[in-house]
Amino acid sequence: MELPHRYDFSRSVHATAPQVFEYLDDPLRLGAHMGRSSWMMAGSKMAYELDAGEGRATGSHIRMTGTMLGQHLALDEVVTCHQPPAAKQWRTTGHPRLLIIGHYAMGFTIQPAKESCRLTVFIHYSLPTGPWRLAGWLLAGFYTRWCVRSMVRDAVRHFSAPPR
């Protein structure tokens with residue numbers, strides 16, 4: 001399946017690669033921005049369902065459902081690469097019911113650095129088909145930047161918070 005569009009975003013995180021991987025390996029943390037009602041989600045949010053692998057192993061499934069602008073949304077992701085503490089990747093399977101993007105593959109890489117690490121989150125995606133294609137053409141770049149940047153920013157904030 002061809003995924004012609006791409007966006008990636010990197011930042012330094014003040015933690016070790018294993019600490020950052022452990023934090024991001026939890027789909028509920030990584031996708032926290034999708035589980036909160038926000039203007040980017042048109043006031044809606046997605047609910048997560050994890051399999052026995054909890055999205056933390058190659059082959060594990062992560063399902064999301066929700067409603068946006070009166071449309072039922074649903075997708076199934078499968079983890080395709082799980083290499084702690086360096087990389088994780090996942091992609092949609094089946095027929096995702098999304099409005100702004102179609103199929104996608106996402107992931108993150110973590111490169112150790114002195115007293116920190118470099119986190120890069122990326123997405124490769126196609127535009128939706130059918131009646132939402134125009135919305136995808138207009139909004140997919142904006143939406144994917146928000147999504148990827150939210151994942152990185154949440155990790156940076158988590159590790160820059162004062163110790164409790």
# chains A, B, ... in the order shown; residues from 1 in each chain; ligands from 1
>>> residues_around(residues="Leu24 (chain A)", least_positions_apart="3", cutoff="10 Å", atoms="only C-alpha atoms", output="list of chain:residue names")
A:Pro18, A:Gln19, A:Val20, A:Phe21, A:Pro27, A:Leu28, A:Arg29, A:Leu30, A:Gly31, A:Arg56, A:Lys88, A:Phe108, A:Met151, A:Val152, A:Asp154, A:Ala155
>>> closest_residue(among="A:His95, A:Arg133, A:Lys114, A:His124", to="Val148 (chain A)", atoms="only C-alpha atoms")
A:His124
>>> closest_residue(among="A:Thr67, A:Asp26, A:His14, A:Pro4", to="Val79 (chain A)", atoms="only C-alpha atoms")
A:Asp26
>>> closest_residue(among="A:Trp137, A:Trp132, A:Phe122, A:Tyr104", to="Gln71 (chain A)", atoms="only C-alpha atoms")
A:Trp132
>>> atom_distance(atom1="CA of Ile110 (chain A)", atom2="CA of Ile123 (chain A)")
15.2 Å
>>> closest_residue(among="A:Arg91, A:Arg97, A:His72, A:Arg11", to="Ser116 (chain A)", atoms="only C-alpha atoms")
A:Arg11
>>> closest_residue(among="A:Leu127, A:Ala87, A:Leu99, A:Met68", to="Asp25 (chain A)", atoms="only C-alpha atoms")
A:Ala87
>>> atom_distance(atom1="CA of Arg6 (chain A)", atom2="CA of Tyr125 (chain A)")
6.4 Å
>>> residues_around(residues="Phe142 (chain A)", least_positions_apart="3", cutoff="12 Å", atoms="only C-alpha atoms", output="ChimeraX atom specification")
/A:6-7,40,100-101,135-139,145-149
>>> write_last_selection(atoms="all heavy atoms", output="CSV table (one decimal), in the first residue's frame")
chain,number,residue,atom,x,y,z
A,6,ARG,N,4.1,12.3,4.2
A,6,ARG,CA,5.0,12.1,5.3
A,6,ARG,C,5.2,13.3,6.2
A,6,ARG,O,5.3,14.4,5.6
A,6,ARG,CB,6.3,11.6,4.9
A,6,ARG,CG,7.3,11.3,6.0
A,6,ARG,CD,8.7,11.0,5.5
A,6,ARG,NE,9.6,10.9,6.7
A,6,ARG,CZ,9.9,9.7,7.2
A,6,ARG,NH1,9.5,8.6,6.8
A,6,ARG,NH2,10.7,9.7,8.3
A,7,TYR,N,5.2,13.1,7.5
A,7,TYR,CA,5.6,14.2,8.4
A,7,TYR,C,6.3,13.6,9.5
A,7,TYR,O,6.0,12.5,10.0
A,7,TYR,CB,4.4,15.0,8.9
A,7,TYR,CG,4.7,16.1,9.8
A,7,TYR,CD1,5.4,17.2,9.3
A,7,TYR,CD2,4.6,16.0,11.2
A,7,TYR,CE1,5.8,18.3,10.1
A,7,TYR,CE2,5.0,17.1,12.0
A,7,TYR,CZ,5.6,18.2,11.5
A,7,TYR,OH,6.0,19.2,12.3
A,40,MET,N,-9.3,20.2,17.9
A,40,MET,CA,-8.7,19.5,16.7
A,40,MET,C,-9.5,18.2,16.5
A,40,MET,O,-9.6,17.7,15.4
A,40,MET,CB,-7.3,19.1,16.9
A,40,MET,CG,-6.3,20.3,16.6
A,40,MET,SD,-6.4,20.8,14.9
A,40,MET,CE,-5.8,19.4,14.0
A,100,ILE,N,-10.1,12.5,7.9
A,100,ILE,CA,-9.0,13.4,7.4
A,100,ILE,C,-7.9,12.7,6.8
A,100,ILE,O,-7.3,13.3,5.9
A,100,ILE,CB,-8.5,14.3,8.6
A,100,ILE,CG1,-9.7,15.1,9.2
A,100,ILE,CG2,-7.5,15.3,8.0
A,100,ILE,CD1,-10.5,15.9,8.3
A,101,ILE,N,-7.6,11.5,7.2
A,101,ILE,CA,-6.5,10.7,6.6
A,101,ILE,C,-7.1,9.3,6.3
A,101,ILE,O,-8.1,8.9,6.9
A,101,ILE,CB,-5.2,10.6,7.4
A,101,ILE,CG1,-5.4,10.0,8.8
A,101,ILE,CG2,-4.6,12.0,7.6
A,101,ILE,CD1,-4.1,9.7,9.5
A,135,ALA,N,-11.9,17.0,2.2
A,135,ALA,CA,-11.5,17.4,3.6
A,135,ALA,C,-10.1,17.0,3.9
A,135,ALA,O,-9.3,17.7,4.5
A,135,ALA,CB,-12.5,16.9,4.6
A,136,GLY,N,-9.7,15.8,3.5
A,136,GLY,CA,-8.4,15.3,3.7
A,136,GLY,C,-7.4,16.1,2.9
A,136,GLY,O,-6.3,16.4,3.5
A,137,TRP,N,-7.6,16.4,1.7
A,137,TRP,CA,-6.7,17.2,0.9
A,137,TRP,C,-6.5,18.6,1.6
A,137,TRP,O,-5.4,19.1,1.6
A,137,TRP,CB,-7.3,17.4,-0.5
A,137,TRP,CG,-6.4,18.1,-1.4
A,137,TRP,CD1,-5.3,17.6,-2.1
A,137,TRP,CD2,-6.5,19.5,-1.8
A,137,TRP,NE1,-4.7,18.6,-2.8
A,137,TRP,CE2,-5.4,19.7,-2.7
A,137,TRP,CE3,-7.4,20.5,-1.5
A,137,TRP,CZ2,-5.2,21.0,-3.3
A,137,TRP,CZ3,-7.2,21.8,-2.1
A,137,TRP,CH2,-6.1,22.0,-3.0
A,138,LEU,N,-7.5,19.2,2.2
A,138,LEU,CA,-7.4,20.5,2.8
A,138,LEU,C,-6.8,20.4,4.2
A,138,LEU,O,-6.0,21.3,4.6
A,138,LEU,CB,-8.8,21.1,2.9
A,138,LEU,CG,-9.4,21.5,1.6
A,138,LEU,CD1,-10.9,22.0,1.9
A,138,LEU,CD2,-8.7,22.7,1.0
A,139,LEU,N,-7.1,19.4,5.0
A,139,LEU,CA,-6.8,19.4,6.4
A,139,LEU,C,-5.7,18.3,6.9
A,139,LEU,O,-5.3,18.4,8.0
A,139,LEU,CB,-8.0,19.2,7.2
A,139,LEU,CG,-9.1,20.2,7.0
A,139,LEU,CD1,-10.4,19.8,7.7
A,139,LEU,CD2,-8.7,21.6,7.4
A,145,ARG,N,0.4,17.1,11.5
A,145,ARG,CA,1.4,17.9,12.3
A,145,ARG,C,0.9,18.0,13.7
A,145,ARG,O,1.7,17.9,14.7
A,145,ARG,CB,1.5,19.3,11.7
A,145,ARG,CG,2.4,19.3,10.4
A,145,ARG,CD,2.8,20.7,9.9
A,145,ARG,NE,1.6,21.5,9.6
A,145,ARG,CZ,1.0,21.5,8.4
A,145,ARG,NH1,1.4,20.7,7.4
A,145,ARG,NH2,0.0,22.3,8.2
A,146,TRP,N,-0.4,18.3,14.0
A,146,TRP,CA,-0.9,18.4,15.3
A,146,TRP,C,-0.7,17.1,16.1
A,146,TRP,O,-0.2,17.1,17.2
A,146,TRP,CB,-2.4,18.8,15.3
A,146,TRP,CG,-3.0,18.7,16.6
A,146,TRP,CD1,-2.9,19.5,17.7
A,146,TRP,CD2,-3.9,17.6,17.1
A,146,TRP,NE1,-3.7,19.0,18.8
A,146,TRP,CE2,-4.3,17.8,18.4
A,146,TRP,CE3,-4.4,16.4,16.4
A,146,TRP,CZ2,-5.1,17.0,19.1
A,146,TRP,CZ3,-5.2,15.6,17.1
A,146,TRP,CH2,-5.6,15.9,18.4
A,147,CYS,N,-1.0,16.0,15.5
A,147,CYS,CA,-1.0,14.7,16.1
A,147,CYS,C,0.5,14.3,16.5
A,147,CYS,O,0.8,14.0,17.6
A,147,CYS,CB,-1.5,13.7,15.1
A,147,CYS,SG,-1.7,12.0,15.9
A,148,VAL,N,1.4,14.4,15.5
A,148,VAL,CA,2.8,14.1,15.7
A,148,VAL,C,3.4,15.0,16.7
A,148,VAL,O,4.1,14.6,17.7
A,148,VAL,CB,3.6,14.1,14.4
A,148,VAL,CG1,5.1,14.0,14.6
A,148,VAL,CG2,3.1,12.9,13.5
A,149,ARG,N,3.2,16.3,16.6
A,149,ARG,CA,3.8,17.3,17.5
A,149,ARG,C,3.2,17.1,19.0
A,149,ARG,O,4.0,17.2,19.9
A,149,ARG,CB,3.6,18.7,17.1
A,149,ARG,CG,4.4,19.0,15.9
A,149,ARG,CD,4.1,20.4,15.4
A,149,ARG,NE,5.0,20.8,14.3
A,149,ARG,CZ,6.0,21.7,14.5
A,149,ARG,NH1,6.1,22.3,15.6
A,149,ARG,NH2,6.8,22.0,13.5
>>> residues_around(residues="Met64 (chain A)", least_positions_apart="6", cutoff="7 Å", atoms="only C-alpha atoms", output="number ranges by chain")
A: 46-49, 74-76
>>> select_by_dssp(residues="chain A", states="alpha helix (DSSP H)", output="number ranges by chain")
A: 17-24, 27-30, 133-160
>>> residues_around(residues="Glu115 (chain A)", least_positions_apart="5", cutoff="10 Å", atoms="only C-alpha atoms", output="PyMOL selection string")
chain A and resi 13-17
>>> residues_around(residues="Glu77 (chain A)", least_positions_apart="4", cutoff="12 Å", atoms="only C-alpha atoms", output="ChimeraX atom specification")
/A:27,48-51,54-56,58-65,89-96,103-107
>>> select_by_dssp(residues="region 18-164 of chain A", states="strand (DSSP E)", output="MDAnalysis selection string")
chainID A and resid 47:50 61:68 71:83 87:97 104:113 116:125
>>> atom_distance(atom1="CA of Phe9 (chain A)", atom2="CA of Ser150 (chain A)")
9.9 Å
